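Enquirer: Shown below is the structure under consideration.
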Amino acid sequence: MQYDYIIVGGGSAGSVMANRLSARSANRVLLLEAGIDTPHGAIPPDVHSSYPGTAYFNPDYTWNKLRVRLQPINKNLPESQRPELRNYEQARIMGGGSSINGQMANRGAPNDYDDWGRQGAKGWSWESCLPFFRKLERDMDHDDALHGREGRIPIRRIYQQEWTPYAKAVAEAMTELGYPYLTDQNGAFEDGHFPVTVSNLYDRRVSTAIGYLDPPTRLRENLEIRSETQVSEILFDGLRAVGVKAGRRGVSETFTGREVVLCCGAVHSPAHLLRSGIGPAGHLADMGIEVRHHLPGVGQNLMDHPSVACSTWLPGESRMTRKDARHIHVGARYSSGLHDAPPGDMFIVQVSKSGWHAVGERLGSLLVFVNKSYSTGEVRLVSKDWREEPEVEFNLLSDERDLDRLKDAFLRASAINLHPAVARVAGYTFPSSYSEKVRAMGRVTRRNEMISKAVGGVLDMAGGLRGTLIDRLITGGLRLRDMMEDDEALEGFVRATAVGVWHASCTNRMGADDDPMAVTDEQGRVRGLAGLRVVDASIMPSVPCANTNIPTIMMAERISDTVVSAG
Ligand SMILES: Cc1cc2nc3c(=O)[nH]c(=O)nc-3n(C[C@H](O)[C@H](O)[C@H](O)COP(=O)(O)OP(=O)(O)OC[C@H]3O[C@@H](n4cnc5c(N)ncnc54)[C@H](O)[C@@H]3O)c2cc1C
């Protein structure tokens with residue numbers, strides 16, 4: 001069968017593209033997703049849950065061979081002295097990131113999208129994106145010019161009634177420390193704290209698979225959905241993409257179409273292009289890949305939001321009581337005023353439990369991240385074999401503006417956690433981060449459950465020794481006092497422990513005709529090729545001041561609208 005559109009990857013963007021392109025009955029659309037499907041009636045409980053911390057780390061939903069480097073690399077050093085290779089979750093499930101992510105739903109600063117236009121993405125601006133932010137959402141709380149009421153993704157806020165004593169105390173401390181209360185995180189882009197906004201309805205996640213691949217959409221005769229089907233190769237006739245090769249349980253098939261739409265995310269979409277001979281000619285030659293089209297920007301400009309955290313002990317009465325309830329309640333945006341950063345460049349997230357297990361339930365955290373980040377890294381191949389994951393180097397904090405602001409952010413988070421309002425409901429405060437140990441404990445296993453119960457019980461009984469035990473068992477000896485009194489210790493902590501927050505983006509960025517590093521035009525069409533488009537987080541020119549799911553959905557809404565209107 002000849003398709004009009006072959007969509008590779010049914011993630012945040014891919015599910016939207018499948019819905020919108022197949023809404024026109026003349027289009028024959030094929031959606032291929034490597035991971036499992038999540039149709040209505042068969043959505044796994046951990047995917048559907050308001051508490052996302054178990055889906056994040058469920059290996060059934062992620063690309064498990066992917067390893068990344070977060071810290072900058074000195075290429076002159078031998079492999080053994082380079083920063084450690086770390087896990088970095090990228091979704092492998094229908095709905096992609098939107099099926100496993102933290103459900104945080106925000107849009108970023110108007111300036112982010114005006115900047116995209118200024119960086120060469122013709123026609124992109126806040127004003128031109130707002131209709132598509134409105135189109136994607138069904139805002140359950142606000143009805144005004146900034147919000148949509150009829151979209152496929154319900155958006156709601158976690159109001160005070162659902163907050164824990166720790167969340168309420170953090171909000172009080174924030175007010176006193178100069179972060180005023182805002183009723184709407186997605187309202188006017190101002191500094192202050194607010195109830196966090198989530199893509200969730202009646203206390204259940206709504207992924208793009210749930211919202212856009214609903215039963216009526218799946219009944220469309222012109223839409224074919226194949227899950228657990230991994231695309232291994234894009235097929236070309238010269239400079240025109242004409243189809244893909246894909247396999248399911250060892251059986252390979254060829255599909256042909258008028259246009260291939262890559263929606264594999266910011267790590268895997270550039271890898272597909274590179275394996276197809278589209279990318280920097282030198283790197284392709286190193287990999288033994290024949291150059292189809294020299295596009296030096298493919299895989300470059302990788303961005304994320306670097307973060308660190310400050311955690312605190314929660315006594316019994318301050319903990320969450322329901323296991324699957326929402327655990328992030330309060331957020332805050334502020335302007336660092338450092339370097340040349342724009343207003344609202346920083347973000348704080350208050351977390352009422354730091355893991356699904358007994359230790360996590362006993363710890364509240366403030367996660368701080370640089371929302372307008374500048375550091376960039378890259379995605380490269382290590383082999384032309386499609387079974388091999390690419391090499392991913394984030395280079396976090398390589399731009400000193402990110403380092404300085406993250407250090408300052410950590411001190412601000414410490415001041416909030418040490419504020420008398422928080423001290424009334426919480427206890428020992430300490431520096432923390434998503435180490436590999438924390439990540440390993442994040443997997444739901446009987447062993448982790450037993451270990452955490454034992455450690456949690458000991459911490460409960462430790463009384464005056466609790467701080468010493470936390471230093472030993474959790475922070476590896478790092479103490480908050482050292483960070484607050486000694487800039488070198490603070491910098492060492494921030495450099496060593498900063499992690500991204502899974503907002504990988506910008507590796508196939510849109511840009512102007514005369515920009516040699518632009519990979520796609522303003523509609524995601526790959527430059528120099530025909531029949532090949534990329535629509536996912538990889539085409540962002542720069543990462544917005546926001547978690548990236550809603551901006552990615554907005555881009556897919558906008559580009560699909562142009563494609564459908566063009567016929
Ligand atoms: C753990 C985690 C937490 C996050 N938290 C938040 C949050 O709270 N709020 C927020 O806004 N953002 C969050 N994000 C980021 C956000 O979810 C992503 O930016 C967004 O999902 C990216 O969408 P995408 O369409 O670019 O890629 P994805 O949604 O990742 O979709 C890519 C899809 O392509 C498929 N695919 C890849 N290769 C192939 C192949 N060869 N063949 C077939 N299919 C393939 C993948 O399996 C995947 O389903 C989080 C992300 C993660 C991973």
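How things are named: the first chain in the structure tokens is A, the next is B, and so on; residues count from 1 in each chain; ligands count from 1 in the order shown.
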Applying 12 Å and only C-alpha atoms, which residues near Lys384 (chain A) remain after dropping the ones on its own chain fewer than 2 positions away? List them as a CSV table (one decimal) with C-alpha atoms, in the first residue's frame.
Expert:
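New file part.csv:
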```
chain,number,residue,atom,x,y,z
A,232,SER,CA,15.4,0.6,11.0
A,233,GLU,CA,16.0,2.6,7.8
A,271,ALA,CA,20.4,9.5,14.6
A,272,HIS,CA,18.0,8.5,11.8
A,273,LEU,CA,19.2,11.4,9.6
A,274,LEU,CA,22.8,10.6,10.2
A,275,ARG,CA,22.4,6.9,9.4
A,276,SER,CA,20.7,8.1,6.2
A,277,GLY,CA,23.8,10.0,5.2
A,283,HIS,CA,31.4,12.6,10.9
A,284,LEU,CA,29.5,10.5,8.2
A,285,ALA,CA,32.9,9.7,6.6
A,286,ASP,CA,34.2,8.6,10.0
A,287,MET,CA,31.2,6.3,10.4
A,288,GLY,CA,31.7,4.8,6.9
A,289,ILE,CA,28.4,6.3,5.7
A,290,GLU,CA,28.0,7.6,2.2
A,380,ARG,CA,26.6,11.6,17.2
A,381,LEU,CA,26.6,8.0,15.9
A,382,VAL,CA,29.0,5.4,17.2
A,386,TRP,CA,20.6,1.0,13.6
A,387,ARG,CA,20.6,-1.3,16.6
A,388,GLU,CA,23.3,0.9,18.3
A,389,GLU,CA,22.2,3.9,20.4
A,390,PRO,CA,24.0,7.2,19.4
A,391,GLU,CA,26.5,8.9,21.6
```
Enquirer: Kindly compile the residues surrounding ligand 1 within 6 Å, counting only C-alpha atoms and all ligand atoms, and format them as a ChimeraX atom specification.
Expert: /A:8-14,32-35,56,89-98,100-105,229-232,263-266,268,502-503,536-537,547-550,552
Enquirer: Kindly export the residues of the current selection with N, CA and C atoms, as a compact mmCIF listing (two decimals), in the first residue's frame.
Expert:
```txt
# COMPACT_ATOMS: atom_id res chain seq x y z
N VAL A 8 6.95 8.30 11.79
CA VAL A 8 7.85 7.40 12.52
C VAL A 8 7.95 7.90 13.95
N GLY A 9 7.35 7.16 14.89
CA GLY A 9 7.36 7.55 16.30
C GLY A 9 6.01 8.13 16.71
N GLY A 10 5.35 7.45 17.64
CA GLY A 10 4.02 7.89 18.09
C GLY A 10 4.08 8.60 19.41
N GLY A 11 5.07 9.51 19.57
CA GLY A 11 5.26 10.20 20.85
C GLY A 11 4.41 11.44 20.99
N SER A 12 4.93 12.42 21.76
CA SER A 12 4.18 13.65 22.00
C SER A 12 3.78 14.28 20.68
N ALA A 13 4.72 14.40 19.75
CA ALA A 13 4.41 15.02 18.46
C ALA A 13 3.75 14.03 17.50
N GLY A 14 4.25 12.79 17.46
CA GLY A 14 3.79 11.82 16.47
C GLY A 14 2.30 11.50 16.59
N LEU A 32 3.98 4.44 12.93
CA LEU A 32 4.82 3.33 13.40
C LEU A 32 5.47 3.71 14.72
N GLU A 33 5.26 2.93 15.76
CA GLU A 33 5.84 3.23 17.07
C GLU A 33 6.57 1.99 17.59
N ALA A 34 7.80 2.22 18.07
CA ALA A 34 8.61 1.09 18.53
C ALA A 34 8.07 0.48 19.82
N GLY A 35 7.46 1.29 20.67
CA GLY A 35 7.02 0.79 21.97
C GLY A 35 5.61 0.22 21.95
N TYR A 56 8.29 6.79 34.96
CA TYR A 56 9.62 7.30 34.54
C TYR A 56 10.64 6.18 34.40
N GLU A 89 16.46 8.68 30.51
CA GLU A 89 15.23 8.08 30.03
C GLU A 89 14.72 8.81 28.79
N GLN A 90 14.46 8.05 27.74
CA GLN A 90 13.73 8.54 26.57
C GLN A 90 12.63 7.53 26.32
N ALA A 91 11.41 8.04 26.10
CA ALA A 91 10.26 7.15 26.07
C ALA A 91 10.26 6.23 24.85
N ARG A 92 9.79 5.01 25.08
CA ARG A 92 9.55 4.04 24.00
C ARG A 92 8.18 3.42 24.28
N ILE A 93 7.17 4.17 23.95
CA ILE A 93 5.79 3.78 24.26
C ILE A 93 4.89 4.73 23.47
N MET A 94 3.69 4.27 23.10
CA MET A 94 2.77 5.18 22.41
C MET A 94 2.53 6.39 23.32
N GLY A 95 2.56 7.57 22.72
CA GLY A 95 2.47 8.80 23.53
C GLY A 95 3.85 9.33 23.89
N GLY A 96 4.89 8.48 23.73
CA GLY A 96 6.26 8.92 23.98
C GLY A 96 6.42 9.56 25.34
N GLY A 97 7.15 10.66 25.39
CA GLY A 97 7.41 11.35 26.66
C GLY A 97 6.12 11.67 27.40
N SER A 98 5.05 11.97 26.66
CA SER A 98 3.81 12.37 27.34
C SER A 98 3.17 11.20 28.11
N ILE A 100 5.06 9.07 29.99
CA ILE A 100 5.85 8.74 31.20
C ILE A 100 6.31 10.00 31.93
N ASN A 101 6.07 11.17 31.38
CA ASN A 101 6.70 12.36 31.95
C ASN A 101 6.01 12.86 33.21
N GLY A 102 6.53 13.96 33.74
CA GLY A 102 6.02 14.50 35.00
C GLY A 102 4.71 15.25 34.86
N GLN A 103 4.14 15.30 33.66
CA GLN A 103 2.83 15.93 33.37
C GLN A 103 2.81 17.45 33.61
N MET A 104 3.98 18.03 33.87
CA MET A 104 4.06 19.49 34.06
C MET A 104 3.69 20.14 32.73
N ALA A 105 2.71 21.04 32.76
CA ALA A 105 2.19 21.59 31.51
C ALA A 105 2.39 23.10 31.49
N THR A 229 6.78 -1.65 16.61
CA THR A 229 7.33 -1.73 15.25
C THR A 229 8.43 -0.67 15.12
N GLN A 230 9.66 -1.14 15.02
CA GLN A 230 10.77 -0.19 15.03
C GLN A 230 11.29 0.06 13.62
N VAL A 231 11.37 1.32 13.25
CA VAL A 231 11.89 1.68 11.93
C VAL A 231 13.42 1.57 11.97
N SER A 232 13.97 0.84 11.01
CA SER A 232 15.43 0.63 10.99
C SER A 232 16.09 1.48 9.91
N CYS A 263 9.28 11.62 13.88
CA CYS A 263 8.83 12.15 15.17
C CYS A 263 9.45 11.32 16.28
N CYS A 264 10.75 11.08 16.19
CA CYS A 264 11.41 10.14 17.10
C CYS A 264 12.06 10.82 18.29
N GLY A 265 11.92 12.14 18.42
CA GLY A 265 12.50 12.84 19.57
C GLY A 265 13.91 13.32 19.28
N ALA A 266 14.43 14.14 20.20
CA ALA A 266 15.67 14.88 19.94
C ALA A 266 16.93 14.02 19.97
N HIS A 268 16.73 10.44 18.94
CA HIS A 268 16.65 9.43 17.88
C HIS A 268 16.40 10.01 16.48
N TRP A 502 15.26 15.91 31.37
CA TRP A 502 14.67 15.16 30.25
C TRP A 502 14.03 16.08 29.21
N HIS A 503 14.60 17.28 29.05
CA HIS A 503 14.08 18.19 28.04
C HIS A 503 15.02 18.24 26.84
N ASP A 536 9.23 17.22 15.95
CA ASP A 536 9.37 16.80 17.35
C ASP A 536 10.25 17.82 18.06
N ALA A 537 10.67 17.52 19.29
CA ALA A 537 11.43 18.50 20.08
C ALA A 537 12.76 18.85 19.42
N ASN A 547 8.96 23.24 30.54
CA ASN A 547 9.05 21.81 30.28
C ASN A 547 8.60 21.65 28.82
N THR A 548 9.15 20.67 28.13
CA THR A 548 9.07 20.71 26.67
C THR A 548 7.88 19.98 26.04
N ASN A 549 7.07 19.30 26.86
CA ASN A 549 5.97 18.52 26.25
C ASN A 549 4.94 19.41 25.55
N ILE A 550 4.41 20.38 26.26
CA ILE A 550 3.36 21.23 25.67
C ILE A 550 3.91 22.02 24.48
N THR A 552 6.16 21.04 22.45
CA THR A 552 6.30 20.08 21.34
C THR A 552 4.93 19.81 20.70
```
Enquirer: Looking at A:Ile416, A:Ala409, A:Val359, A:Met174, which one is nearest to Leu473 (chain A), with distances taken over only C-alpha atoms?
Expert: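 When distances to Leu473 (chain A) are compared using only C-alpha atoms, the smallest one comes from A:Val359.
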Enquirer: From a DSSP calculation on the backbone, collect every residue of region 98-140 of chain A in helix (DSSP H, G or I) and output the set as a ChimeraX atom specification.
Expert: /A:98-100,110-118,126-136
Enquirer: Find the residues around Val438 (chain A) up to 10 Å (only C-alpha atoms counted), leave out those fewer than 3 positions away in its own chain, and share them as a CSV table (one decimal) with C-alpha atoms, in the first residue's frame.
Expert:
```csv
chain,number,residue,atom,x,y,z
A,354,SER,CA,11.0,12.5,46.3
A,355,GLY,CA,10.3,8.8,45.3
A,360,GLY,CA,11.2,9.0,49.0
A,432,SER,CA,20.5,16.3,46.7
A,433,SER,CA,20.4,15.3,43.0
A,434,TYR,CA,19.3,12.5,40.6
A,435,SER,CA,22.4,10.3,41.1
A,441,MET,CA,16.0,3.1,43.7
A,442,GLY,CA,13.4,4.6,41.4
A,443,ARG,CA,12.7,1.2,39.8
A,474,ILE,CA,22.1,9.7,51.1
```
Enquirer: Could you check how far CA of Phe194 (chain A) sits from CA of Val330 (chain A), in Å to one decimal?
Expert: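 If I compute the distance from CA of Phe194 (chain A) to CA of Val330 (chain A), I get 5.8 Å.
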Enquirer: Can you list, as a PyMOL selection string, every residue of region 440-562 of chain A that DSSP puts in strand (DSSP E or B)?
Expert: chain A and resi 499+505+510+520+525-526+530+532-534
Enquirer: Please dump the current selection as a PDB file, in the first residue's frame; keep N, CA and C atoms.
Expert:
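Below is the file out_38.pdb, written as the result:
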```pdb
ATOM      1  N   VAL A 499      22.023  17.671  36.679  1.00  0.00           N
ATOM      2  CA  VAL A 499      21.466  16.748  35.681  1.00  0.00           C
ATOM      3  C   VAL A 499      20.471  17.515  34.825  1.00  0.00           C
ATOM      4  N   SER A 505      16.392  18.528  23.349  1.00  0.00           N
ATOM      5  CA  SER A 505      15.743  19.280  22.268  1.00  0.00           C
ATOM      6  C   SER A 505      16.798  19.908  21.351  1.00  0.00           C
ATOM      7  N   MET A 510      15.178  24.254  13.370  1.00  0.00           N
ATOM      8  CA  MET A 510      14.652  25.027  12.244  1.00  0.00           C
ATOM      9  C   MET A 510      15.534  26.267  12.070  1.00  0.00           C
ATOM     10  N   THR A 520      16.221  22.076   9.337  1.00  0.00           N
ATOM     11  CA  THR A 520      14.918  22.086   8.660  1.00  0.00           C
ATOM     12  C   THR A 520      14.489  23.524   8.405  1.00  0.00           C
ATOM     13  N   ARG A 525      10.617  20.730   7.255  1.00  0.00           N
ATOM     14  CA  ARG A 525      11.094  20.017   6.065  1.00  0.00           C
ATOM     15  C   ARG A 525      12.621  20.012   6.053  1.00  0.00           C
ATOM     16  N   VAL A 526      13.202  18.816   5.872  1.00  0.00           N
ATOM     17  CA  VAL A 526      14.662  18.705   5.947  1.00  0.00           C
ATOM     18  C   VAL A 526      15.273  19.389   4.735  1.00  0.00           C
ATOM     19  N   ALA A 530      13.716  15.950  -0.350  1.00  0.00           N
ATOM     20  CA  ALA A 530      12.262  16.019  -0.608  1.00  0.00           C
ATOM     21  C   ALA A 530      11.592  14.864   0.135  1.00  0.00           C
ATOM     22  N   LEU A 532      10.718  14.504   3.193  1.00  0.00           N
ATOM     23  CA  LEU A 532      11.225  14.175   4.530  1.00  0.00           C
ATOM     24  C   LEU A 532      11.061  15.374   5.460  1.00  0.00           C
ATOM     25  N   ARG A 533      10.362  15.128   6.558  1.00  0.00           N
ATOM     26  CA  ARG A 533      10.060  16.193   7.501  1.00  0.00           C
ATOM     27  C   ARG A 533      10.381  15.680   8.902  1.00  0.00           C
ATOM     28  N   VAL A 534      10.782  16.592   9.775  1.00  0.00           N
ATOM     29  CA  VAL A 534      10.950  16.241  11.193  1.00  0.00           C
ATOM     30  C   VAL A 534       9.994  17.109  11.990  1.00  0.00           C
TER      31      VAL A 534
END
```
Enquirer: Just the number, please: distance in Å from CA of Met483 (chain A) to CA of Tyr179 (chain A), one decimal.
Expert: 23.0 Å
Enquirer: When you count only C-alpha atoms, which of these residues is closest to Pro195 (chain A): A:Gln161, A:Ser207, A:Ser269, A:Asn64?
Expert: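 Looking only at the distances to Pro195 (chain A), the closest residue turns out to be A:Gln161.
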Enquirer: Give the answer as one residue: which of A:Ile7, A:Ala42, A:Met484, A:Leu70 has the shortest atom-to-atom distance to Asp214 (chain A), using only C-alpha atoms?
Expert: A:Ala42
